[in-house]
$ cat upload29.tsv   # TSV, C-alpha atoms
chain	number	residue	atom	x	y	z
D	13	MET	CA	7.22	-17.23	13.12
D	14	ARG	CA	10.65	-16.50	11.64
D	15	ILE	CA	11.13	-12.83	10.71
D	16	LEU	CA	13.65	-11.56	8.17
D	17	ALA	CA	14.46	-7.85	8.58
D	18	LEU	CA	15.98	-6.66	5.29
D	19	GLY	CA	17.89	-3.45	5.89
D	20	GLY	CA	17.47	-4.11	9.61
D	21	PRO	CA	20.53	-2.12	10.75
D	22	GLY	CA	19.24	1.08	9.11
D	23	ALA	CA	17.68	3.80	11.23
D	24	MET	CA	14.08	2.79	10.58
D	25	GLY	CA	14.77	-0.92	10.31
D	26	ALA	CA	16.52	-0.97	13.68
D	27	VAL	CA	13.48	0.56	15.40
D	28	ALA	CA	11.20	-1.98	13.73
D	29	VAL	CA	13.47	-4.86	14.83
D	30	ARG	CA	13.60	-3.56	18.41
D	31	VAL	CA	9.82	-3.25	18.69
D	32	ALA	CA	9.07	-6.46	16.78
D	33	ALA	CA	11.37	-8.43	19.07
D	34	GLY	CA	8.87	-7.82	21.87
D	35	LEU	CA	5.89	-9.22	19.97
D	36	PRO	CA	4.43	-12.63	20.78
D	37	GLY	CA	4.68	-15.41	18.24
D	38	ILE	CA	8.19	-14.70	16.90
D	39	THR	CA	10.58	-17.64	17.08
D	40	GLU	CA	13.58	-16.03	15.36
D	41	MET	CA	14.65	-12.61	14.12
D	42	VAL	CA	17.20	-12.48	11.30
D	43	VAL	CA	18.78	-9.06	10.79
D	44	ALA	CA	19.93	-8.91	7.17
D	45	ASP	CA	21.94	-6.30	5.31
D	46	ARG	CA	24.64	-6.04	2.68
D	47	ASN	CA	26.81	-4.67	5.51
D	48	LEU	CA	27.20	-7.78	7.68
D	49	GLU	CA	29.06	-5.96	10.44
D	50	ALA	CA	26.23	-3.44	10.79
D	51	ALA	CA	23.77	-6.31	11.13
D	52	ARG	CA	25.98	-7.96	13.75
D	53	ALA	CA	26.27	-4.69	15.66
D	54	LEU	CA	22.48	-4.38	15.92
D	55	VAL	CA	22.17	-7.98	17.11
D	56	ARG	CA	24.78	-7.28	19.78
D	57	ARG	CA	23.06	-4.06	20.81
D	58	LEU	CA	19.71	-5.80	21.26
D	59	ALA	CA	21.16	-8.86	22.97
D	60	GLY	CA	19.47	-9.42	26.32
D	61	THR	CA	16.56	-7.09	25.57
D	62	SER	CA	14.35	-9.87	24.23
D	63	ASP	CA	13.91	-13.61	24.53
D	64	VAL	CA	13.68	-13.91	20.74
D	65	PRO	CA	16.81	-15.49	19.21
D	66	MET	CA	18.55	-13.11	16.81
D	67	ARG	CA	21.26	-13.58	14.21
D	68	ALA	CA	22.88	-11.52	11.48
D	69	LEU	CA	22.90	-12.41	7.80
D	70	GLU	CA	24.66	-10.83	4.84
D	71	VAL	CA	22.18	-10.18	2.01
D	72	ASP	CA	22.44	-7.84	-0.96
D	73	VAL	CA	18.92	-7.41	-2.39
D	74	THR	CA	20.41	-6.97	-5.88
D	75	ASP	CA	21.66	-10.58	-5.68
D	76	GLY	CA	18.51	-12.51	-6.60
D	77	THR	CA	19.89	-15.89	-5.54
D	78	ALA	CA	20.96	-14.68	-2.10
D	79	LEU	CA	17.70	-12.79	-1.63
D	80	ARG	CA	15.54	-15.82	-2.40
D	81	ALA	CA	17.65	-18.03	-0.15
D	82	ALA	CA	17.14	-15.62	2.75
D	83	LEU	CA	13.40	-15.37	2.09
D	84	GLU	CA	12.96	-19.13	1.91
D	85	GLY	CA	14.08	-19.35	5.51
D	86	ALA	CA	11.53	-16.79	6.74
D	87	ASP	CA	7.78	-16.62	7.29
D	88	VAL	CA	7.60	-12.81	7.13
D	89	VAL	CA	9.95	-10.19	5.71
D	90	LEU	CA	10.17	-6.60	6.93
D	91	ASN	CA	11.66	-4.72	3.98
D	92	THR	CA	13.22	-1.36	4.84
D	93	VAL	CA	15.61	-1.26	1.87
D	94	GLY	CA	15.09	1.90	-0.15
D	95	PRO	CA	14.62	3.74	-2.33
D	96	TYR	CA	11.64	1.64	-3.28
D	97	TYR	CA	11.46	2.85	-6.85
D	98	ARG	CA	14.70	0.85	-7.26
D	99	PHE	CA	14.23	-2.16	-5.00
D	100	GLY	CA	10.58	-2.51	-4.00
D	101	MET	CA	9.30	-4.64	-6.87
D	102	SER	CA	12.18	-7.10	-6.91
D	103	VAL	CA	11.92	-7.85	-3.20
D	104	LEU	CA	8.14	-8.25	-3.32
D	105	ARG	CA	8.33	-10.52	-6.39
D	106	ALA	CA	10.89	-12.69	-4.60
D	107	SER	CA	8.69	-12.78	-1.49
D	108	ILE	CA	5.69	-13.97	-3.50
D	109	ALA	CA	7.83	-16.60	-5.23
D	110	THR	CA	9.02	-17.97	-1.88
D	111	GLY	CA	5.62	-17.72	-0.13
D	112	THR	CA	6.92	-15.17	2.39
D	113	HIS	CA	4.53	-12.62	3.91
D	114	TYR	CA	5.72	-9.07	3.33
D	115	LEU	CA	5.60	-5.60	4.92
D	116	ASP	CA	7.49	-2.48	3.89
D	117	ILE	CA	7.62	1.29	4.32
D	118	CYS	CA	7.47	2.13	0.59
D	119	ASP	CA	6.95	5.86	0.14
D	120	ASP	CA	7.18	6.06	-3.66
D	121	TRP	CA	3.89	6.16	-5.55
D	122	GLU	CA	5.13	4.58	-8.80
D	123	PRO	CA	6.29	1.24	-7.33
D	124	THR	CA	3.28	1.26	-5.01
D	125	LEU	CA	1.03	1.02	-8.06
D	126	GLN	CA	3.25	-1.66	-9.57
D	127	MET	CA	3.23	-3.69	-6.36
D	128	LEU	CA	-0.54	-3.43	-5.98
D	129	ASP	CA	-0.78	-4.93	-9.46
D	130	LEU	CA	0.80	-8.11	-8.05
D	131	ASP	CA	-2.32	-8.68	-5.95
D	132	GLU	CA	-3.55	-11.74	-7.88
D	133	GLU	CA	-0.11	-13.37	-7.79
D	134	ALA	CA	0.10	-12.81	-4.03
D	135	ARG	CA	-3.38	-14.24	-3.50
D	136	ALA	CA	-2.53	-17.32	-5.53
D	137	ALA	CA	0.61	-17.80	-3.44
D	138	GLY	CA	-1.23	-17.23	-0.14
D	139	VAL	CA	1.01	-14.25	0.63
D	140	CYS	CA	-0.18	-11.19	2.54
D	141	ALA	CA	1.78	-8.08	1.54
D	142	VAL	CA	1.27	-4.68	3.17
D	143	VAL	CA	2.88	-1.85	1.22
D	144	GLY	CA	3.66	1.48	2.89
D	145	MET	CA	3.31	0.65	6.60
D	146	GLY	CA	5.36	3.52	8.01
D	147	ALA	CA	4.52	7.08	9.03
D	148	SER	CA	3.54	8.58	5.68
D	149	PRO	CA	2.30	6.40	4.16
D	150	GLY	CA	1.08	4.22	6.99
D	151	VAL	CA	-0.09	6.26	9.96
D	152	SER	CA	-1.40	8.86	7.49
D	153	ASN	CA	-3.52	6.22	5.69
D	154	LEU	CA	-5.01	5.03	8.96
D	155	LEU	CA	-5.81	8.60	10.01
D	156	ALA	CA	-7.52	8.98	6.63
D	157	ALA	CA	-9.55	5.84	7.30
D	158	LEU	CA	-10.75	7.30	10.60
D	159	ALA	CA	-11.63	10.61	8.93
D	160	VAL	CA	-13.55	8.89	6.12
D	161	ARG	CA	-15.61	6.95	8.66
D	162	GLN	CA	-17.16	10.23	9.78
D	163	LEU	CA	-18.69	10.86	6.33
D	164	ASP	CA	-21.42	9.34	4.21
D	165	VAL	CA	-19.90	10.63	0.96
D	166	VAL	CA	-16.24	11.60	0.46
D	167	GLN	CA	-15.44	14.56	-1.79
D	168	ASP	CA	-11.85	15.62	-1.01
D	169	LEU	CA	-9.22	13.71	0.96
D	170	TYR	CA	-5.81	15.01	2.00
D	171	THR	CA	-3.00	13.63	4.12
D	172	ALA	CA	-0.17	15.82	5.38
D	173	TRP	CA	3.18	15.40	7.09
D	174	PRO	CA	5.60	17.99	8.51
D	175	VAL	CA	8.97	19.01	7.17
D	176	ASN	CA	10.47	21.77	9.29
D	177	VAL	CA	7.55	23.19	11.23
D	178	SER	CA	6.88	22.75	14.94
D	179	GLY	CA	6.56	19.05	15.66
D	180	SER	CA	8.82	17.81	12.88
D	181	ASP	CA	12.33	16.50	12.46
D	182	GLY	CA	14.50	18.87	10.52
D	183	GLY	CA	17.82	17.25	11.42
D	184	ASP	CA	20.50	16.85	8.76
D	185	GLU	CA	21.14	13.33	10.08
D	186	GLN	CA	18.10	12.18	8.10
D	187	LEU	CA	19.59	13.56	4.86
D	188	ALA	CA	22.98	11.84	4.89
D	189	ALA	CA	24.06	8.24	5.48
D	190	PRO	CA	26.89	7.45	7.92
D	191	ASP	CA	29.34	7.24	5.00
D	192	GLY	CA	28.51	10.82	3.98
D	193	ARG	CA	26.48	9.94	0.91
D	194	PRO	CA	22.89	11.18	0.68
D	195	SER	CA	20.44	8.92	2.49
D	196	ALA	CA	17.88	6.82	0.64
D	197	ALA	CA	15.21	9.02	2.24
D	198	ALA	CA	16.78	12.18	0.80
D	199	VAL	CA	17.13	10.65	-2.68
D	200	HIS	CA	13.50	9.53	-2.49
D	201	TRP	CA	12.46	13.05	-1.55
D	202	MET	CA	14.17	14.51	-4.60
D	203	GLU	CA	12.43	11.96	-6.81
D	204	GLN	CA	9.05	13.00	-5.42
D	205	ILE	CA	9.50	16.79	-5.71
D	206	SER	CA	10.50	16.62	-9.37
D	207	GLY	CA	8.93	15.65	-12.67
D	208	GLU	CA	5.24	14.86	-12.34
D	209	VAL	CA	3.46	13.11	-9.48
D	210	ALA	CA	0.09	11.43	-9.09
D	211	VAL	CA	-2.78	13.29	-7.43
D	212	VAL	CA	-6.54	12.94	-7.66
D	213	SER	CA	-8.63	15.58	-9.42
D	214	GLY	CA	-12.28	15.24	-10.32
D	215	GLY	CA	-12.23	11.77	-8.83
D	216	GLN	CA	-9.53	10.57	-11.27
D	217	ILE	CA	-5.78	10.05	-10.95
D	218	VAL	CA	-3.93	12.74	-12.89
D	219	HIS	CA	-0.28	13.72	-13.15
D	220	ARG	CA	0.89	17.20	-12.23
D	221	ARG	CA	4.07	18.87	-11.17
D	222	PRO	CA	4.66	18.74	-7.41
D	223	LEU	CA	5.05	21.59	-4.91
D	224	LEU	CA	1.72	23.17	-5.78
D	225	PRO	CA	-0.02	25.10	-2.94
D	226	VAL	CA	-3.21	23.78	-1.35
D	227	THR	CA	-4.97	26.10	1.10
D	228	LEU	CA	-7.14	24.29	3.63
D	229	SER	CA	-9.43	25.03	6.55
D	230	VAL	CA	-9.64	21.65	8.27
D	231	SER	CA	-11.33	22.74	11.50
D	232	THR	CA	-12.34	25.91	13.31
D	233	ARG	CA	-8.81	26.14	14.75
D	234	HIS	CA	-6.66	24.77	11.95
D	235	SER	CA	-6.08	26.44	8.59
D	236	GLY	CA	-3.19	27.30	6.31
D	237	THR	CA	-1.35	26.33	3.13
D	238	ALA	CA	0.56	23.11	2.45
D	239	TYR	CA	2.26	21.86	-0.72
D	240	THR	CA	1.84	18.75	-2.86
D	241	VAL	CA	4.48	16.05	-3.02
D	242	GLY	CA	4.70	12.69	-4.71
D	243	HIS	CA	3.58	9.99	-2.26
D	244	PRO	CA	1.49	6.80	-2.35
D	245	GLU	CA	-1.48	8.09	-0.35
D	246	PRO	CA	-3.45	9.66	-3.24
D	247	VAL	CA	-3.24	6.54	-5.40
D	248	THR	CA	-4.12	4.09	-2.63
D	249	LEU	CA	-6.82	6.24	-1.02
D	250	HIS	CA	-8.33	6.71	-4.48
D	251	ARG	CA	-8.66	2.93	-4.75
D	252	SER	CA	-9.88	2.46	-1.21
D	253	PHE	CA	-12.33	5.35	-0.68
D	254	ARG	CA	-13.03	6.81	-4.14
D	255	PRO	CA	-13.04	10.54	-3.28
D	256	ALA	CA	-15.12	12.31	-5.93
D	257	GLY	CA	-13.04	15.49	-5.87
D	258	GLU	CA	-9.42	16.14	-4.95
D	259	ALA	CA	-6.82	14.08	-3.08
D	260	ALA	CA	-3.12	14.63	-2.53
D	261	SER	CA	-0.25	14.12	-0.15
D	262	LEU	CA	0.90	17.43	1.32
D	263	MET	CA	3.94	18.80	3.10
D	264	VAL	CA	3.37	21.18	6.00
D	265	ILE	CA	6.43	23.32	5.43
D	266	THR	CA	7.80	26.82	5.95
D	267	PRO	CA	8.04	29.15	2.94
D	268	GLY	CA	11.84	29.27	3.10
D	269	THR	CA	12.33	25.52	2.87
D	270	MET	CA	9.57	25.25	0.30
D	271	ALA	CA	11.31	27.83	-1.88
D	272	TYR	CA	14.60	25.94	-1.68
D	273	LEU	CA	12.90	22.67	-2.67
D	274	ASP	CA	11.37	24.46	-5.64
D	275	ILE	CA	14.82	25.60	-6.77
D	276	LEU	CA	16.04	22.00	-6.57
D	277	ARG	CA	12.93	20.85	-8.48
D	278	ARG	CA	13.62	23.26	-11.30
D	279	ASP	CA	17.27	22.22	-11.53
D	280	ILE	CA	16.43	18.51	-11.48
D	281	ASP	CA	13.82	18.96	-14.19
D	282	ALA	CA	16.31	21.01	-16.25
D	283	GLY	CA	18.91	18.22	-16.00
D	284	LYS	CA	21.31	20.33	-13.93
D	285	LEU	CA	20.99	17.98	-10.94
D	286	THR	CA	20.31	14.29	-10.43
D	287	ASN	CA	18.30	13.01	-7.48
D	288	GLU	CA	21.58	12.13	-5.77
D	289	THR	CA	23.33	15.46	-6.35
D	290	ALA	CA	20.18	17.34	-5.38
D	291	ALA	CA	19.99	15.33	-2.15
D	292	THR	CA	23.61	16.21	-1.44
D	293	ASP	CA	22.85	19.88	-2.04
D	294	LEU	CA	19.85	19.66	0.28
D	295	ALA	CA	22.07	18.44	3.13
D	296	LYS	CA	24.62	21.22	2.45
D	297	PRO	CA	22.77	24.03	0.66
D	298	SER	CA	24.74	26.03	-1.88
D	299	ALA	CA	24.95	29.80	-1.49
D	300	SER	CA	23.66	30.52	-5.00
D	301	ARG	CA	20.55	28.37	-4.62
D	302	ALA	CA	19.95	29.78	-1.14
D	303	LEU	CA	19.90	33.30	-2.58
D	304	ARG	CA	17.46	32.26	-5.32
D	305	ALA	CA	15.24	30.62	-2.70
D	306	THR	CA	15.25	33.68	-0.45
D	307	ALA	CA	13.86	35.78	-3.28
D	308	GLY	CA	11.13	33.24	-3.97
D	309	ALA	CA	10.10	32.64	-0.36
D	310	VAL	CA	8.45	36.03	0.06
D	311	ARG	CA	5.78	35.07	-2.48
D	312	LEU	CA	4.80	31.82	-0.76
D	313	LYS	CA	2.08	31.25	1.82
D	314	GLY	CA	2.88	29.52	5.10
D	315	PRO	CA	1.33	26.65	7.06
D	316	GLY	CA	-0.60	28.93	9.40
D	317	SER	CA	-2.24	26.87	12.13
D	318	LEU	CA	-2.37	23.55	10.27
D	319	PRO	CA	-1.51	20.54	12.45
D	320	PRO	CA	1.88	19.03	11.62
D	321	PHE	CA	0.53	15.55	10.80
D	322	PHE	CA	-3.08	14.90	9.81
D	323	ALA	CA	-5.70	13.57	7.42
D	324	ALA	CA	-8.70	15.63	6.39
D	325	ALA	CA	-11.77	14.43	4.50
D	326	THR	CA	-14.48	16.78	3.21
D	327	GLY	CA	-17.88	15.50	2.10
D	328	THR	CA	-21.37	15.07	3.43
D	329	ARG	CA	-22.83	13.51	6.55
D	330	GLN	CA	-26.60	13.27	6.93
D	331	GLY	CA	-26.97	15.71	4.06
D	332	ARG	CA	-24.68	18.37	5.56
D	333	ARG	CA	-21.31	19.32	4.10
D	334	VAL	CA	-18.62	18.78	6.73
D	335	THR	CA	-14.87	18.33	7.12
D	336	ALA	CA	-13.51	15.51	9.26
D	337	LEU	CA	-10.01	16.04	10.64
D	338	ALA	CA	-8.05	13.14	12.19
D	339	ARG	CA	-4.72	13.99	13.76
D	340	LEU	CA	-2.39	12.85	16.48
D	341	ALA	CA	-3.45	14.44	19.75
D	342	ASP	CA	-1.58	17.46	21.12
D	343	THR	CA	0.65	15.66	23.62
D	344	PRO	CA	4.38	15.55	24.34
D	345	GLY	CA	4.42	11.95	23.18
D	346	ALA	CA	2.94	12.81	19.80
D	347	SER	CA	5.45	15.61	19.30
D	348	ALA	CA	8.33	13.35	20.28
D	349	LEU	CA	7.14	10.66	17.90
D	350	ILE	CA	6.75	13.03	14.94
D	351	ASN	CA	10.13	14.58	15.76
D	352	ASP	CA	11.95	11.27	15.25
D	353	MET	CA	11.60	9.93	11.71
D	354	ALA	CA	13.09	6.55	12.59
D	355	GLU	CA	10.69	5.97	15.49
D	356	ALA	CA	7.69	7.38	13.60
D	357	THR	CA	8.35	4.96	10.73
D	358	GLY	CA	9.79	1.88	12.41
D	359	ILE	CA	7.19	1.55	15.17
D	360	PRO	CA	4.21	1.47	12.75
D	361	LEU	CA	5.97	-1.19	10.67
D	362	ALA	CA	6.33	-3.40	13.74
D	363	LEU	CA	2.73	-2.77	14.78
D	364	GLY	CA	1.60	-3.77	11.29
D	365	LEU	CA	3.58	-6.99	11.77
D	366	ALA	CA	1.74	-7.56	15.06
D	367	GLN	CA	-1.60	-7.58	13.22
D	368	LEU	CA	-0.23	-9.96	10.59
D	369	LEU	CA	1.12	-12.31	13.25
D	370	ASP	CA	-2.22	-12.67	15.04
D	371	GLY	CA	-4.23	-12.94	11.82
D	372	THR	CA	-5.92	-9.53	11.95
D	373	ALA	CA	-4.14	-8.52	8.74
D	374	GLY	CA	-3.49	-11.96	7.31
D	375	HIS	CA	-5.58	-11.74	4.14
D	376	PRO	CA	-3.64	-12.85	1.03
D	377	GLY	CA	-3.00	-10.20	-1.60
D	378	VAL	CA	-1.14	-6.89	-1.87
D	379	HIS	CA	-2.74	-4.22	0.30
D	380	PRO	CA	-2.28	-0.58	1.30
D	381	PRO	CA	-2.51	-0.11	5.08
D	382	GLU	CA	-6.05	1.31	5.09
D	383	THR	CA	-7.65	-1.83	3.63
D	384	VAL	CA	-6.04	-4.46	5.83
D	385	ILE	CA	-4.82	-2.86	9.09
D	386	ASP	CA	-7.38	-2.30	11.87
D	387	ALA	CA	-7.00	1.45	12.47
D	388	GLU	CA	-8.53	1.59	15.94
D	389	ARG	CA	-6.43	-1.32	17.16
D	390	PHE	CA	-3.33	0.25	15.57
D	391	PHE	CA	-3.66	3.55	17.41
D	392	LEU	CA	-4.34	1.81	20.71
D	393	ASP	CA	-1.18	-0.26	20.18
D	394	LEU	CA	0.72	2.89	19.22
D	395	ALA	CA	-0.35	4.58	22.45
D	396	ARG	CA	1.06	1.62	24.39
D	397	GLN	CA	4.37	1.92	22.55
D	398	VAL	CA	4.55	5.69	23.17
D	399	PRO	CA	3.40	6.06	26.79
D	400	ALA	CA	3.05	9.84	26.61
D	401	LEU	CA	0.94	9.68	23.46
D	402	PRO	CA	-2.64	9.33	24.85
D	403	GLY	CA	-4.71	12.49	24.81
D	404	ASP	CA	-8.15	13.37	26.14
D	405	ASP	CA	-9.54	15.25	23.14
D	406	GLY	CA	-10.47	12.31	20.91
D	407	PRO	CA	-12.35	9.00	20.97
D	408	LEU	CA	-9.12	7.00	20.67
D	409	ASP	CA	-5.94	7.16	22.71
D	410	GLY	CA	-3.51	9.43	20.89
D	411	VAL	CA	-5.91	10.50	18.14
D	412	ALA	CA	-8.11	13.59	17.94
D	413	ILE	CA	-11.05	13.63	15.52
D	414	HIS	CA	-12.94	16.83	14.70
D	415	VAL	CA	-15.99	17.16	12.48
D	416	THR	CA	-16.91	20.73	11.53
D	417	PRO	CA	-19.11	22.42	8.92
D	418	ALA	CA	-17.20	22.83	5.66
D	419	GLY	CA	-16.89	26.24	4.10

$ encode --input "upload29.tsv" --output "structure tokens"
Amino acid sequence: MRILALGGPGAMGAVAVRVAAGLPGITEMVVADRNLEAARALVRRLAGTSDVPMRALEVDVTDGTALRAALEGADVVLNTVGPYYRFGMSVLRASIATGTHYLDICDDWEPTLQMLDLDEEARAAGVCAVVGMGASPGVSNLLAALAVRQLDVVQDLYTAWPVNVSGSDGGDEQLAAPDGRPSAAAVHWMEQISGEVAVVSGGQIVHRRPLLPVTLSVSTRHSGTAYTVGHPEPVTLHRSFRPAGEAASLMVITPGTMAYLDILRRDIDAGKLTNETAATDLAKPSASRALRATAGAVRLKGPGSLPPFFAAATGTRQGRRVTALARLADTPGASALINDMAEATGIPLALGLAQLLDGTAGHPGVHPPETVIDAERFFLDLARQVPALPGDDGPLDGVAIHVTPAG
């Protein structure tokens, strides 16, 4: 198959291209970007590492004609162009129109809902689209699927990812692009810590302000407080597993960083900052906001012993109330993976492509990862990609699953 990698030279796109180039069944890899020289540089860098022919292509996703022309020459598109609240819908619509299968790493909940609403159009076109096949969402959704399997009835369902705790990437390189402007990831983050975000309460999707504390005891050894953030997991897991109680995406984060994000949230909501200027401030914190955050941090609870990256489902099994925790096993490989945002996001995207290529995930329609990606196969494939990942404390390589009585 011919693969089009939109945004391929970016940090996460480049990892996905590198891994995908080693998959069977690919006849050509086209690395596309509005920066043609960046695309050419990636092709040169990967030359000789794979037998798959590669070429660079200049494509600006805001140019509908050029976008459709690029898609018409591909069987599958890997879309890593963000932020997705700006570009996700237009690329997916064009993919459906050209009959091109689609995978992305969308981490915005609003366009996720909009894209899922294109399900009937995708089915009619015979297009399989997987939305949010990265780390969070992506790996988090598949951990949630494993946790839910341990229960007969699901009450509460949480996914969590780390910000600046042990086992996370706190590097400023993820906040700024090479040209010095804030990265798409940083702008996305500011969008999802401000305004209102979707969570599940009482089994229904509701909208609440983000950065609210959630205190959890997810196993006998893991408890602490994490904070809500806007992400696709609550809205897709609500559709997929129908938790009767609460569901949210959480950040496992230190009180100091949490307090600074809350200052940015307040200033964005007050109109003092835009997402872009807030993202710039996040990369180079201002003294005045740092002082305000220091005063607020003392009142916040910390992550305690929560794992850095996990999914936890509480409900009943055989009439007993239990909590099922699914997390990456405690291994050097897992820590290294979580510590590199590009690897943690790009590798899952390529592994999602692998399941589409061999037909495992080839069902037409628009899907979140948990309804179309085989979770057990995914984590086995992930363990092969990250040799140090496998652990001996879970039923799957690289994944630990704990089921304990719920309090």

$ residues_around --input "upload29.tsv" --residues "region 223-234 of chain D" --least-positions-apart "6" --cutoff "8 Å" --atoms "all atoms listed in the file" --output "list of chain:residue names"
D:Ile205, D:Thr240, D:Val241, D:Met270, D:Asp274, D:Gly316, D:Ser317, D:Leu318, D:Pro319, D:Ala324, D:Thr335, D:Ala336, D:Leu337, D:His414, D:Val415, D:Thr416, D:Gly419

$ axis_aligned_box --input "upload29.tsv" --around "region 161-171 of chain D" --padding-each-side "5 Å" --output "AutoDock Vina command-line options"
--center_x -12.2 --center_y 11.3 --center_z 4.0 --size_x 28.4 --size_y 18.7 --size_z 21.6

$ closest_residue --input "upload29.tsv" --among "D:Ser298, D:Asn351, D:Thr289, D:Gln126" --to "Ala198 (chain D)" --atoms "only C-alpha atoms"
D:Thr289

$ residues_around --input "upload29.tsv" --residues "region 381-391 of chain D" --least-positions-apart "5" --cutoff "9 Å" --atoms "only C-alpha atoms" --output "ChimeraX atom specification"
/D:142-145,149-151,153-158,248-249,252,360,363-364,367-368,372-375,396,408-411

$ atom_distance --input "upload29.tsv" --atom1 "CA of Pro315 (chain D)" --atom2 "CA of Met263 (chain D)"
9.2 Å

$ atom_distance --input "upload29.tsv" --atom1 "CA of Arg333 (chain D)" --atom2 "CA of His219 (chain D)"
27.8 Å

$ closest_residue --input "upload29.tsv" --among "D:Pro417, D:Val398, D:Tyr114, D:Asp168" --to "Pro344 (chain D)" --atoms "all atoms listed in the file"
D:Val398

$ build_atoms --input "upload29.tsv" --residues "region 37-42 of chain D" --atoms "all heavy atoms" --output "PDB file, in the frame of the given file"
ATOM      1  N   GLY D  37       4.794 -14.590  19.433  1.00  0.00           N
ATOM      2  CA  GLY D  37       4.680 -15.410  18.240  1.00  0.00           C
ATOM      3  C   GLY D  37       5.897 -15.425  17.344  1.00  0.00           C
ATOM      4  O   GLY D  37       5.895 -16.091  16.309  1.00  0.00           O
ATOM      5  N   ILE D  38       6.973 -14.708  17.712  1.00  0.00           N
ATOM      6  CA  ILE D  38       8.190 -14.700  16.900  1.00  0.00           C
ATOM      7  C   ILE D  38       9.178 -15.699  17.479  1.00  0.00           C
ATOM      8  O   ILE D  38       9.507 -15.659  18.671  1.00  0.00           O
ATOM      9  CB  ILE D  38       8.813 -13.291  16.847  1.00  0.00           C
ATOM     10  CG1 ILE D  38       7.861 -12.322  16.161  1.00  0.00           C
ATOM     11  CG2 ILE D  38      10.152 -13.327  16.117  1.00  0.00           C
ATOM     12  CD1 ILE D  38       8.370 -10.900  16.069  1.00  0.00           C
ATOM     13  N   THR D  39       9.637 -16.608  16.638  1.00  0.00           N
ATOM     14  CA  THR D  39      10.580 -17.640  17.080  1.00  0.00           C
ATOM     15  C   THR D  39      12.021 -17.303  16.741  1.00  0.00           C
ATOM     16  O   THR D  39      12.944 -17.801  17.382  1.00  0.00           O
ATOM     17  CB  THR D  39      10.230 -18.995  16.449  1.00  0.00           C
ATOM     18  OG1 THR D  39      10.230 -18.864  15.020  1.00  0.00           O
ATOM     19  CG2 THR D  39       8.858 -19.468  16.923  1.00  0.00           C
ATOM     20  N   GLU D  40      12.229 -16.445  15.727  1.00  0.00           N
ATOM     21  CA  GLU D  40      13.580 -16.030  15.360  1.00  0.00           C
ATOM     22  C   GLU D  40      13.527 -14.721  14.594  1.00  0.00           C
ATOM     23  O   GLU D  40      12.610 -14.487  13.805  1.00  0.00           O
ATOM     24  CB  GLU D  40      14.274 -17.086  14.492  1.00  0.00           C
ATOM     25  CG  GLU D  40      15.726 -16.731  14.147  1.00  0.00           C
ATOM     26  CD  GLU D  40      16.394 -17.725  13.214  1.00  0.00           C
ATOM     27  OE1 GLU D  40      15.700 -18.242  12.305  1.00  0.00           O
ATOM     28  OE2 GLU D  40      17.596 -17.972  13.378  1.00  0.00           O
ATOM     29  N   MET D  41      14.509 -13.865  14.844  1.00  0.00           N
ATOM     30  CA  MET D  41      14.650 -12.610  14.120  1.00  0.00           C
ATOM     31  C   MET D  41      15.996 -12.605  13.414  1.00  0.00           C
ATOM     32  O   MET D  41      17.047 -12.697  14.061  1.00  0.00           O
ATOM     33  CB  MET D  41      14.563 -11.419  15.085  1.00  0.00           C
ATOM     34  CG  MET D  41      14.748 -10.059  14.437  1.00  0.00           C
ATOM     35  SD  MET D  41      13.323  -9.537  13.455  1.00  0.00           S
ATOM     36  CE  MET D  41      12.125  -9.223  14.758  1.00  0.00           C
ATOM     37  N   VAL D  42      15.975 -12.513  12.088  1.00  0.00           N
ATOM     38  CA  VAL D  42      17.200 -12.480  11.300  1.00  0.00           C
ATOM     39  C   VAL D  42      17.401 -11.054  10.788  1.00  0.00           C
ATOM     40  O   VAL D  42      16.568 -10.537  10.037  1.00  0.00           O
ATOM     41  CB  VAL D  42      17.142 -13.462  10.119  1.00  0.00           C
ATOM     42  CG1 VAL D  42      18.435 -13.384   9.298  1.00  0.00           C
ATOM     43  CG2 VAL D  42      16.927 -14.884  10.624  1.00  0.00           C
TER      44      VAL D  42
END
